[in-house]
$ cat coords_18.cif   # mmCIF, C-alpha atoms and all ligand atoms
data_entry
#
loop_
_atom_site.label_atom_id
_atom_site.label_comp_id
_atom_site.auth_asym_id
_atom_site.auth_seq_id
_atom_site.Cartn_x
_atom_site.Cartn_y
_atom_site.Cartn_z
CA MET L 27 57.94 37.45 27.52
CA TYR L 28 55.28 35.77 29.69
CA PRO L 29 55.30 37.02 33.27
CA CYS L 30 53.25 34.71 35.46
CA LEU L 31 49.86 35.69 36.83
CA ARG L 32 50.13 36.76 40.47
CA ILE L 33 47.18 36.43 42.84
CA LYS L 34 47.02 38.49 46.02
CA MET L 35 46.85 35.75 48.58
CA SER L 36 49.44 34.51 50.95
CA SER L 37 49.56 31.23 52.74
CA GLU L 38 52.22 28.67 53.34
CA GLU L 39 49.35 26.16 53.18
CA LEU L 40 48.81 26.76 49.44
CA PRO L 41 50.26 24.00 47.25
CA GLY L 42 53.70 24.02 45.65
CA LEU L 43 54.46 23.14 42.03
CA TYR L 44 57.45 20.99 41.07
CA ILE L 45 58.50 20.51 37.45
CA HIS L 46 61.00 17.79 36.63
CA VAL L 47 63.30 18.71 33.74
CA PRO L 48 64.74 15.28 32.88
CA PHE L 49 67.81 16.25 30.86
CA CYS L 50 71.50 16.38 31.76
CA GLY L 51 74.73 16.86 29.80
CA SER L 52 76.07 13.64 31.34
CA LYS L 53 75.34 11.49 34.38
CA CYS L 54 77.16 12.41 37.60
CA PHE L 55 78.57 9.29 39.24
CA TYR L 56 76.56 9.61 42.48
CA CYS L 57 73.18 10.63 41.01
CA ASP L 58 70.04 8.48 41.05
CA PHE L 59 67.57 11.13 39.87
CA TYR L 60 65.90 10.32 36.60
CA SER L 61 67.42 12.09 33.60
CA VAL L 62 68.50 11.33 30.05
CA CYS L 63 71.71 12.63 28.51
CA SER L 64 70.27 13.78 25.21
CA ARG L 65 68.49 16.90 24.07
CA SER L 66 66.49 15.01 21.44
CA TRP L 67 63.40 14.64 23.69
CA ILE L 68 63.16 18.28 24.79
CA CYS L 69 60.67 19.37 22.15
CA ALA L 70 58.32 16.41 22.78
CA TRP L 71 58.70 16.83 26.57
CA LEU L 72 57.70 20.52 26.38
CA LYS L 73 54.61 19.61 24.39
CA ALA L 74 53.69 16.78 26.80
CA LEU L 75 54.26 19.03 29.81
CA ARG L 76 51.84 21.58 28.40
CA THR L 77 49.19 18.84 28.07
CA GLU L 78 49.89 17.65 31.63
CA MET L 79 49.47 21.21 32.95
CA ALA L 80 46.07 21.45 31.25
CA LEU L 81 44.99 18.17 32.93
CA TYR L 82 45.68 19.59 36.42
CA SER L 83 44.88 23.31 36.04
CA GLU L 84 41.38 23.02 37.52
CA GLU L 85 42.43 20.94 40.51
CA PHE L 86 45.50 23.13 41.24
CA PRO L 87 44.76 26.69 40.02
CA VAL L 88 47.04 28.64 42.41
CA PHE L 89 50.46 27.84 43.84
CA ASP L 90 52.63 29.45 46.44
CA SER L 91 55.94 28.06 45.21
CA LEU L 92 57.52 26.79 42.02
CA TYR L 93 60.57 24.57 41.80
CA LEU L 94 62.15 23.74 38.46
CA GLY L 95 64.36 20.78 39.29
CA GLY L 96 65.92 17.89 37.54
CA GLY L 97 67.87 16.88 35.77
CA THR L 98 69.42 20.16 34.74
CA PRO L 99 66.84 22.89 34.04
CA SER L 100 69.60 25.28 32.91
CA ILE L 101 70.32 22.95 29.98
CA LEU L 102 67.22 24.44 28.30
CA ASP L 103 68.01 27.28 25.89
CA VAL L 104 66.24 30.64 26.05
CA ARG L 105 63.61 29.66 23.48
CA GLU L 106 62.80 26.44 25.37
CA LEU L 107 62.62 28.27 28.69
CA LEU L 108 60.22 30.82 27.19
CA GLU L 109 58.02 28.02 25.86
CA LEU L 110 57.92 26.46 29.32
CA PHE L 111 57.05 29.79 30.95
CA GLU L 112 54.34 30.49 28.37
CA SER L 113 52.68 27.15 29.25
CA LEU L 114 52.93 27.89 32.97
CA ALA L 115 51.42 31.36 32.54
CA LYS L 116 48.56 29.91 30.51
CA HIS L 117 47.56 27.25 33.05
CA PHE L 118 48.46 28.39 36.55
CA ALA L 119 48.66 31.42 38.83
CA PHE L 120 51.03 32.06 41.74
CA SER L 121 50.57 33.96 44.99
CA THR L 122 52.33 37.32 45.16
CA VAL L 123 54.76 36.00 47.77
CA SER L 124 55.65 32.84 45.87
CA GLU L 125 59.16 31.51 46.07
CA MET L 126 60.10 30.46 42.53
CA THR L 127 63.33 28.49 42.19
CA MET L 128 65.30 27.06 39.30
CA GLU L 129 68.18 24.62 39.70
CA VAL L 130 71.16 25.73 37.61
CA ASN L 131 74.52 24.15 36.88
CA PRO L 132 77.71 26.16 36.32
CA GLU L 133 78.46 24.72 32.86
CA SER L 134 75.05 25.54 31.36
CA LEU L 135 74.45 29.00 32.78
CA SER L 136 74.36 32.31 30.91
CA HIS L 137 73.36 35.87 31.68
CA GLU L 138 70.83 35.76 28.84
CA LYS L 139 69.11 32.65 30.23
CA LEU L 140 68.92 34.06 33.74
CA LYS L 141 67.45 37.33 32.48
CA ALA L 142 64.68 35.31 30.75
CA VAL L 143 64.12 33.35 33.95
CA ALA L 144 63.93 36.53 36.05
CA SER L 145 61.49 38.21 33.68
CA PHE L 146 59.01 35.36 34.21
CA GLY L 147 59.17 36.03 37.94
CA LEU L 148 61.60 33.41 39.21
CA ASN L 149 63.28 34.83 42.27
CA ARG L 150 65.60 32.11 43.56
CA LEU L 151 68.39 30.01 42.05
CA SER L 152 69.84 26.79 43.38
CA LEU L 153 73.38 26.46 42.07
CA GLY L 154 74.90 22.96 41.85
CA VAL L 155 78.47 23.67 42.96
CA GLN L 156 79.09 20.47 45.03
CA SER L 157 82.75 21.35 45.72
CA LEU L 158 85.40 23.91 44.88
CA ASN L 159 88.10 21.27 44.75
CA ASP L 160 88.75 19.96 41.22
CA ALA L 161 89.73 16.49 42.49
CA ASP L 162 86.34 16.20 44.27
CA LEU L 163 84.49 17.36 41.16
CA LYS L 164 86.26 14.75 39.08
CA TYR L 165 85.50 12.05 41.66
CA LEU L 166 81.80 13.01 41.49
CA GLY L 167 81.76 13.04 37.67
CA ARG L 168 80.69 16.69 37.47
CA ARG L 169 80.99 18.55 34.17
CA HIS L 170 82.29 21.81 35.64
CA ASN L 171 85.46 22.82 37.47
CA SER L 172 85.88 25.11 40.45
CA ALA L 173 86.68 28.20 38.31
CA GLN L 174 83.42 27.73 36.39
CA ALA L 175 81.52 27.38 39.67
CA LEU L 176 82.89 30.68 40.96
CA ARG L 177 82.07 32.45 37.68
CA ALA L 178 78.55 31.00 37.84
CA PHE L 179 77.94 32.66 41.19
CA ASP L 180 78.90 36.04 39.65
CA ILE L 181 76.54 35.38 36.72
CA CYS L 182 73.67 34.72 39.16
CA ARG L 183 74.31 37.95 41.05
CA GLY L 184 74.91 39.86 37.78
CA ALA L 185 71.46 38.81 36.53
CA GLY L 186 69.96 40.37 39.68
CA PHE L 187 69.27 37.28 41.82
CA SER L 188 69.43 38.19 45.48
CA ASN L 189 68.37 34.77 46.71
CA VAL L 190 70.89 32.13 45.70
CA SER L 191 71.29 28.71 47.27
CA VAL L 192 74.42 26.61 46.83
CA ASP L 193 74.45 22.79 46.84
CA LEU L 194 77.55 21.13 48.29
CA ILE L 195 78.55 17.51 49.00
CA TYR L 196 80.81 16.29 51.82
CA GLY L 197 82.17 12.93 52.89
CA LEU L 198 84.24 12.13 49.78
CA GLU L 199 87.42 10.12 50.16
CA THR L 200 89.20 12.80 48.07
CA GLN L 201 88.22 15.38 50.67
CA SER L 202 89.85 16.27 53.99
CA LEU L 203 88.27 18.47 56.65
CA LYS L 204 90.81 21.10 55.56
CA SER L 205 89.81 21.01 51.88
CA TRP L 206 86.09 21.00 52.87
CA LYS L 207 86.78 24.08 55.02
CA ASN L 208 88.47 25.75 52.01
CA THR L 209 85.36 25.09 49.89
CA LEU L 210 83.08 26.52 52.59
CA ASP L 211 85.31 29.55 53.20
CA THR L 212 85.36 30.44 49.50
CA ILE L 213 81.60 29.95 49.21
CA LEU L 214 81.07 32.13 52.28
CA GLU L 215 82.92 35.01 50.59
CA PHE L 216 79.95 35.16 48.19
CA ARG L 217 77.53 35.14 51.11
CA PRO L 218 74.83 32.91 49.56
CA GLU L 219 71.41 33.23 51.19
CA HIS L 220 71.12 29.46 51.56
CA ILE L 221 73.49 26.49 51.61
CA SER L 222 72.57 22.81 51.29
CA CYS L 223 75.26 20.40 52.48
CA TYR L 224 74.54 16.81 51.52
CA GLN L 225 76.48 13.83 52.75
CA LEU L 226 77.67 11.65 49.88
CA THR L 227 75.59 8.48 49.63
CA PHE L 228 76.19 5.46 47.44
CA GLU L 229 72.77 4.93 45.86
CA LYS L 230 72.11 1.58 44.29
CA SER L 231 72.56 1.48 40.49
CA THR L 232 74.67 4.66 40.35
CA ALA L 233 78.15 4.55 38.82
CA LEU L 234 79.68 5.32 42.23
CA TRP L 235 77.84 2.41 43.82
CA LYS L 236 79.27 0.08 41.16
CA MET L 237 82.75 1.56 41.66
CA ARG L 238 82.50 0.91 45.40
CA LYS L 239 81.35 -2.65 44.78
CA SER L 240 84.38 -3.27 42.60
CA GLY L 241 86.69 -1.69 45.19
CA ARG L 242 87.69 1.34 43.11
CA VAL L 243 86.26 3.81 45.62
CA ARG L 244 85.26 3.54 49.25
CA SER L 245 83.11 5.26 51.85
CA ILE L 246 84.86 7.33 54.52
CA GLY L 247 82.93 5.48 57.24
CA GLU L 248 80.25 6.51 59.71
CA LYS L 249 82.63 8.02 62.25
CA MET L 250 84.18 10.42 59.74
CA GLU L 251 80.77 11.22 58.25
CA ALA L 252 79.52 12.20 61.70
CA ALA L 253 82.64 14.35 62.26
CA PHE L 254 82.02 16.21 58.98
CA PHE L 255 78.37 16.73 59.86
CA ILE L 256 78.96 18.12 63.36
CA TRP L 257 81.87 20.29 62.24
CA THR L 258 79.87 21.72 59.29
CA SER L 259 76.85 22.51 61.44
CA ARG L 260 78.98 24.33 64.04
CA TYR L 261 81.03 26.16 61.42
CA LEU L 262 78.10 27.50 59.43
CA GLN L 263 76.10 28.40 62.54
CA ARG L 264 79.05 30.44 63.82
CA ARG L 265 79.01 32.28 60.51
CA GLY L 266 75.37 33.26 60.88
CA TYR L 267 73.58 30.40 59.09
CA ARG L 268 70.60 28.76 60.72
CA HIS L 269 70.72 24.96 60.60
CA TYR L 270 66.97 24.54 60.05
CA GLU L 271 66.92 21.07 58.48
CA VAL L 272 69.42 18.18 58.53
CA SER L 273 71.04 19.24 55.23
CA ASN L 274 69.97 22.88 55.00
CA PHE L 275 71.26 26.21 56.27
CA ALA L 276 69.67 29.65 55.76
CA ALA L 277 71.15 33.12 56.22
CA GLY L 278 67.85 34.16 57.84
CA PRO L 279 64.31 32.79 58.32
CA GLU L 280 63.18 34.51 55.11
CA PHE L 281 65.64 32.35 53.15
CA MET L 282 64.49 28.95 54.42
CA CYS L 283 63.25 27.07 51.36
CA ARG L 284 59.48 27.67 51.24
CA HIS L 285 58.96 24.94 48.64
CA ASN L 286 60.81 22.20 50.52
CA ARG L 287 59.05 23.15 53.74
CA LYS L 288 55.80 22.10 52.04
CA TYR L 289 57.20 18.57 51.56
CA TRP L 290 58.31 18.42 55.17
CA ARG L 291 54.96 19.66 56.55
CA HIS L 292 52.63 17.59 54.32
CA VAL L 293 51.33 20.64 52.45
CA PRO L 294 49.92 19.55 49.04
CA TYR L 295 52.15 19.72 45.99
CA LEU L 296 51.82 18.91 42.33
CA GLY L 297 54.74 17.32 40.50
CA LEU L 298 54.81 17.46 36.71
CA GLY L 299 57.21 15.72 34.38
CA PRO L 300 58.70 12.19 34.31
CA SER L 301 59.14 10.60 37.77
CA ALA L 302 57.59 13.57 39.62
CA HIS L 303 55.58 12.90 42.81
CA SER L 304 52.41 14.69 43.98
CA LEU L 305 50.34 14.91 47.16
CA SER L 306 46.72 15.99 47.55
CA ILE L 307 44.81 16.38 50.79
CA LYS L 308 41.04 16.33 51.16
CA PRO L 309 39.37 18.08 52.88
CA MET L 310 41.91 20.91 53.16
CA ALA L 311 40.80 21.94 56.67
CA GLY L 312 40.48 20.00 59.93
CA ASP L 313 42.62 17.57 61.86
CA PHE L 314 45.18 15.82 59.66
CA ARG L 315 44.14 12.48 61.03
CA ASP L 316 40.61 12.96 59.60
CA ARG L 317 41.83 13.87 56.13
CA THR L 318 42.65 11.72 53.10
CA LEU L 319 46.19 12.08 51.84
CA ARG L 320 46.71 10.76 48.33
CA ARG L 321 50.14 10.46 46.79
CA TRP L 322 50.83 9.61 43.16
CA TRP L 323 53.88 9.48 40.98
CA ASN L 324 54.56 9.68 37.26
CA VAL L 325 56.23 7.14 35.00
CA LYS L 326 59.99 7.60 34.84
CA SER L 327 60.74 7.15 31.17
CA VAL L 328 60.47 10.34 29.15
CA SER L 329 59.28 8.38 26.11
CA ASP L 330 56.44 6.72 28.11
CA TYR L 331 55.60 10.11 29.60
CA CYS L 332 55.30 11.75 26.17
CA ARG L 333 53.37 8.82 24.69
CA LEU L 334 50.75 8.69 27.48
CA LEU L 335 50.14 12.43 27.28
CA SER L 336 49.88 12.32 23.49
CA GLU L 337 47.00 9.85 24.08
CA GLY L 338 45.40 12.36 26.49
CA LYS L 339 46.16 10.17 29.55
CA LYS L 340 47.72 11.26 32.82
CA PRO L 341 51.22 9.73 32.96
CA VAL L 342 50.64 8.29 36.44
CA GLU L 343 52.51 5.09 37.33
CA GLY L 344 51.20 4.54 40.85
CA THR L 345 48.93 5.96 43.57
CA GLU L 346 48.67 5.35 47.30
CA ILE L 347 46.35 6.56 50.03
CA LEU L 348 48.39 7.21 53.15
CA SER L 349 47.00 5.36 56.16
CA LYS L 350 46.88 7.13 59.53
CA ASP L 351 49.91 5.08 60.66
CA GLN L 352 51.89 5.90 57.51
CA PHE L 353 51.06 9.57 57.87
CA GLU L 354 52.13 9.63 61.51
CA LEU L 355 55.37 7.79 60.81
CA GLU L 356 56.20 10.20 57.98
CA ALA L 357 55.27 13.19 60.15
CA LEU L 358 57.64 11.84 62.85
CA ASP L 359 60.43 11.24 60.36
CA LEU L 360 60.11 14.60 58.67
CA GLY L 361 59.54 16.54 61.90
CA LEU L 362 62.68 15.14 63.51
CA ARG L 363 64.68 16.34 60.51
CA THR L 364 63.73 20.00 61.05
CA GLU L 365 64.51 22.51 63.79
CA ASP L 366 60.74 22.94 64.39
CA GLY L 367 60.56 19.34 65.52
CA LEU L 368 57.28 17.71 66.47
CA ALA L 369 54.19 18.75 68.41
CA MET L 370 54.28 16.97 71.77
CA ASN L 371 50.76 15.58 71.25
CA LEU L 372 51.97 13.65 68.18
CA VAL L 373 54.70 12.01 70.26
CA GLU L 374 52.58 11.35 73.34
CA ASN L 375 50.34 8.95 71.39
CA TYR L 376 53.07 6.32 71.51
CA PRO L 377 52.98 3.88 74.47
CA HIS L 378 56.63 4.29 75.52
CA SER L 379 56.93 7.96 74.67
CA GLN L 380 57.85 9.16 78.19
CA ARG L 381 60.68 6.64 78.52
CA VAL L 382 61.99 7.30 74.99
CA LEU L 383 61.81 11.10 75.37
CA SER L 384 63.69 10.99 78.62
CA GLN L 385 66.38 8.74 77.03
CA TRP L 386 66.70 11.14 74.09
CA GLN L 387 67.01 14.12 76.40
CA LYS L 388 69.71 12.40 78.48
CA SER L 389 71.61 11.53 75.28
CA GLY L 390 71.38 15.14 74.11
CA PHE L 391 69.32 14.31 71.00
CA ILE L 392 66.33 16.56 71.74
CA LYS L 393 65.14 19.58 73.69
CA VAL L 394 61.55 19.99 74.76
CA SER L 395 60.28 23.55 74.54
CA GLU L 396 57.01 25.35 73.81
CA GLY L 397 55.12 22.06 73.64
CA ARG L 398 57.44 20.72 70.93
CA VAL L 399 60.14 18.06 70.72
CA LYS L 400 63.04 19.68 68.88
CA PRO L 401 66.14 17.83 67.65
CA THR L 402 69.55 19.14 68.67
CA ARG L 403 72.58 19.04 66.35
CA ARG L 404 73.40 15.56 67.65
CA GLY L 405 69.73 14.65 67.19
CA PHE L 406 69.89 15.66 63.52
CA LEU L 407 72.70 13.19 63.15
CA VAL L 408 70.49 10.27 64.20
CA SER L 409 67.09 11.64 63.19
CA ASP L 410 66.39 8.70 60.88
CA SER L 411 66.53 6.19 63.73
CA LEU L 412 64.70 8.31 66.32
CA ALA L 413 61.28 7.88 64.71
CA VAL L 414 61.80 4.11 64.54
CA MET L 415 62.81 3.97 68.23
CA LEU L 416 59.59 5.72 69.22
CA GLN L 417 57.50 3.19 67.33
CA ASN L 418 59.15 0.12 68.88
S1 LIG J 1 73.45 15.44 39.90
FE1 LIG J 1 72.23 16.87 38.70
S2 LIG J 1 73.51 17.28 36.90
FE2 LIG J 1 74.31 15.43 37.80
S3 LIG J 1 73.26 13.77 36.72
FE3 LIG J 1 72.09 14.21 38.57
S4 LIG J 1 70.52 15.63 37.95
FE4 LIG J 1 72.10 15.62 36.35
#
$ encode --input "coords_18.cif" --output "structure tokens" --more "lines below"
Ligand code: SF4
Amino acid sequence: MYPCLRIKMSSEELPGLYIHVPFCGSKCFYCDFYSVCSRSWICAWLKALRTEMALYSEEFPVFDSLYLGGGTPSILDVRELLELFESLAKHFAFSTVSEMTMEVNPESLSHEKLKAVASFGLNRLSLGVQSLNDADLKYLGRRHNSAQALRAFDICRGAGFSNVSVDLIYGLETQSLKSWKNTLDTILEFRPEHISCYQLTFEKSTALWKMRKSGRVRSIGEKMEAAFFIWTSRYLQRRGYRHYEVSNFAAGPEFMCRHNRKYWRHVPYLGLGPSAHSLSIKPMAGDFRDRTLRRWWNVKSVSDYCRLLSEGKKPVEGTEILSKDQFELEALDLGLRTEDGLAMNLVENYPHSQRVLSQWQKSGFIKVSEGRVKPTRRGFLVSDSLAVMLQN
């Protein structure tokens, strides 16, 4: 076993590490994340990943979070997981307070795998349940059924994980508010520490998008989507969950996702694996507006990824330097999606800010407190358009 090296330092400003595991048993109808439905590339991918880690270990020696996402990380068998952890332990260290998450799916989960994962130091699981209604699961093209999802939660707890997040999807035409409530009620019996509720979207090039185009499925419409959103937020808040980001609820502040918060706050992160994105910031200290933010992203195709690394090259497909305007627009967008909101001085830079803020307050979209502009529940619902309104 290869427990990771822990360094005694604690800061939410330390970078996070994301690893993209690009393998799935089959493609869910709604999914536009990059993955291949074959295990035949796993061996080559593990080797390439090890090389990629070596290329970044000097620039990013210590992390404060790890997120194994995908794809389906739990598709890896115990031997493959151990190989991955051995590479991680060789190249990187993690702060003692690191949050270390792995995404797991009900159909590819076992006690043995989770014990291996825990012995490396992973301390959080994100379980892809999506729904506890078998008709919904079929509509989404998931490989598991509701009984498997419930057993999976027991396996997570049985392996000693006391920080488990559950992913759910709402806004399906097979779903009523009543059946959505049944899913939530059953999930709440397990008292997960974190719940992510995503609204179904029809992403271009997914199977669901094609089915909608050909009239085989349809969207429930904006009005119903808004009703689901508001109802879900109220329901989970009444049951003790904090609605801290548009799609995310935590059973307490200690369970808010430390890794995702880095994305939302422009803290640097390194993404390894096909299609992964990274962000570096130089210099690390000082006003954000005087710093250079560089973002880069890897090639998508696992075969290109493995080939480039076998030639000793970084598998980078593109790079951009964020301009001050881009950074500010992103900061507005991301800030308005979280309960923390935005620092007033970021908003005040805009010429019509006073008028727009007063409109938002009258409409019940924001509250202003402690020098910050904080979105309300109704504000979360329209957060995407608020940043645009401020700019125009
Ligand atoms: S939703 Fe998850 S399991 Fe389904 S295809 Fe996408 S990455 Fe794979």
$ atom_distance --input "coords_18.cif" --atom1 "CA of Cys283 in chain L" --atom2 "CA of His220 in chain L"
8.2 Å
$ closest_residue --input "coords_18.cif" --among "L:Glu85, L:Glu396, L:Glu271, L:Glu133" --to "ligand LIG 1 (chain J)" --atoms "all atoms listed in the file"
L:Glu133
$ closest_atom_pairs --input "coords_18.cif" --of "chain L" --to "ligand LIG 1 (chain J)" --cutoff "8 Å" --atoms "all atoms listed in the file" --output "CSV"
residue,atom,partner,partner_atom,distance
L:Pro48,CA,J:LIG1,S4,7.7
L:Phe49,CA,J:LIG1,FE4,7.0
L:Cys50,CA,J:LIG1,FE4,4.7
L:Gly51,CA,J:LIG1,FE4,7.2
L:Ser52,CA,J:LIG1,S3,6.1
L:Lys53,CA,J:LIG1,S3,3.9
L:Cys54,CA,J:LIG1,FE2,4.2
L:Phe55,CA,J:LIG1,S3,7.4
L:Tyr56,CA,J:LIG1,S1,7.1
L:Cys57,CA,J:LIG1,FE3,4.5
L:Asp58,CA,J:LIG1,FE3,6.6
L:Phe59,CA,J:LIG1,FE3,5.6
L:Tyr60,CA,J:LIG1,S4,7.2
L:Ser61,CA,J:LIG1,S4,6.4
L:Gly96,CA,J:LIG1,S4,5.1
L:Gly97,CA,J:LIG1,S4,3.7
L:Thr98,CA,J:LIG1,S2,5.4
L:Asn131,CA,J:LIG1,S2,6.9
L:Gly154,CA,J:LIG1,FE1,7.4
L:Gly167,CA,J:LIG1,FE2,7.8
L:Arg168,CA,J:LIG1,FE2,6.5
$ closest_residue --input "coords_18.cif" --among "L:Thr318, L:Thr364, L:Asn286, L:Ser301" --to "His46 in chain L" --atoms "only C-alpha atoms"
L:Ser301
$ closest_residue --input "coords_18.cif" --among "L:Glu374, L:Asp180, L:Glu38, L:Glu219" --to "Ser136 in chain L" --atoms "all atoms listed in the file"
L:Asp180
$ closest_residue --input "coords_18.cif" --among "L:Arg333, L:Arg321, L:Lys393, L:Arg32" --to "Val123 in chain L" --atoms "all atoms listed in the file"
L:Arg32
$ atom_distance --input "coords_18.cif" --atom1 "CA of Phe216 in chain L" --atom2 "CA of His269 in chain L"
18.5 Å
$ residues_around --input "coords_18.cif" --residues "Tyr270 in chain L" --least-positions-apart "5" --cutoff "12 Å" --atoms "all atoms listed in the file" --output "VMD selection string"
chain L and resid 220 to 223 259 262 to 263 275 to 284 286 to 287 290 361 to 367 400 to 403 406
$ residues_around --input "coords_18.cif" --residues "Arg177 in chain L" --least-positions-apart "2" --cutoff "12 Å" --atoms "all atoms listed in the file" --output "list in words"
Asn131, Pro132, Glu133, Ser134, Leu135, Ser136, His137, Leu153, Val155, Leu158, His170, Asn171, Ser172, Ala173, Gln174, Ala175, Phe179, Asp180, Ile181, Cys182, Arg183, Gly184, Ile213 and Phe216 of chain L
$ closest_residue --input "coords_18.cif" --among "L:Ser273, L:Thr345, L:Ser231, L:Ser188" --to "Ser304 in chain L" --atoms "only C-alpha atoms"
L:Thr345
$ atom_distance --input "coords_18.cif" --atom1 "CA of Trp257 in chain L" --atom2 "CA of Ala233 in chain L"
28.5 Å
$ axis_aligned_box --input "coords_18.cif" --around "range 347-365 of chain L" --padding-each-side "3 Å" --output "lines of an AutoDock Vina configuration file"
center_x = 55.5
center_y = 13.8
center_z = 56.9
size_x = 24.3
size_y = 23.4
size_z = 19.8
$ closest_residue --input "coords_18.cif" --among "L:Ser157, L:Phe254, L:Lys308, L:Val272" --to "Val408 in chain L" --atoms "only C-alpha atoms"
L:Val272
$ residues_around --input "coords_18.cif" --residues "range 327-330 of chain L" --least-positions-apart "4" --cutoff "12 Å" --atoms "only C-alpha atoms" --output "PyMOL selection string"
chain L and resi 46-49+59-75+97+298-302+334-337+339-343
$ residues_around --input "coords_18.cif" --residues "Val293 in chain L" --least-positions-apart "2" --cutoff "7 Å" --atoms "all atoms listed in the file" --output "number ranges by chain"
L: 39, 41, 288-289, 291, 295
$ write_last_selection --input "coords_18.cif" --atoms "C-alpha atoms" --output "compact mmCIF listing (two decimals), keeping the file's coordinate frame"
# COMPACT_ATOMS: atom_id res chain seq x y z
CA GLU L 39 49.35 26.16 53.18
CA PRO L 41 50.26 24.00 47.25
CA LYS L 288 55.80 22.10 52.04
CA TYR L 289 57.20 18.57 51.56
CA ARG L 291 54.96 19.66 56.55
CA TYR L 295 52.15 19.72 45.99
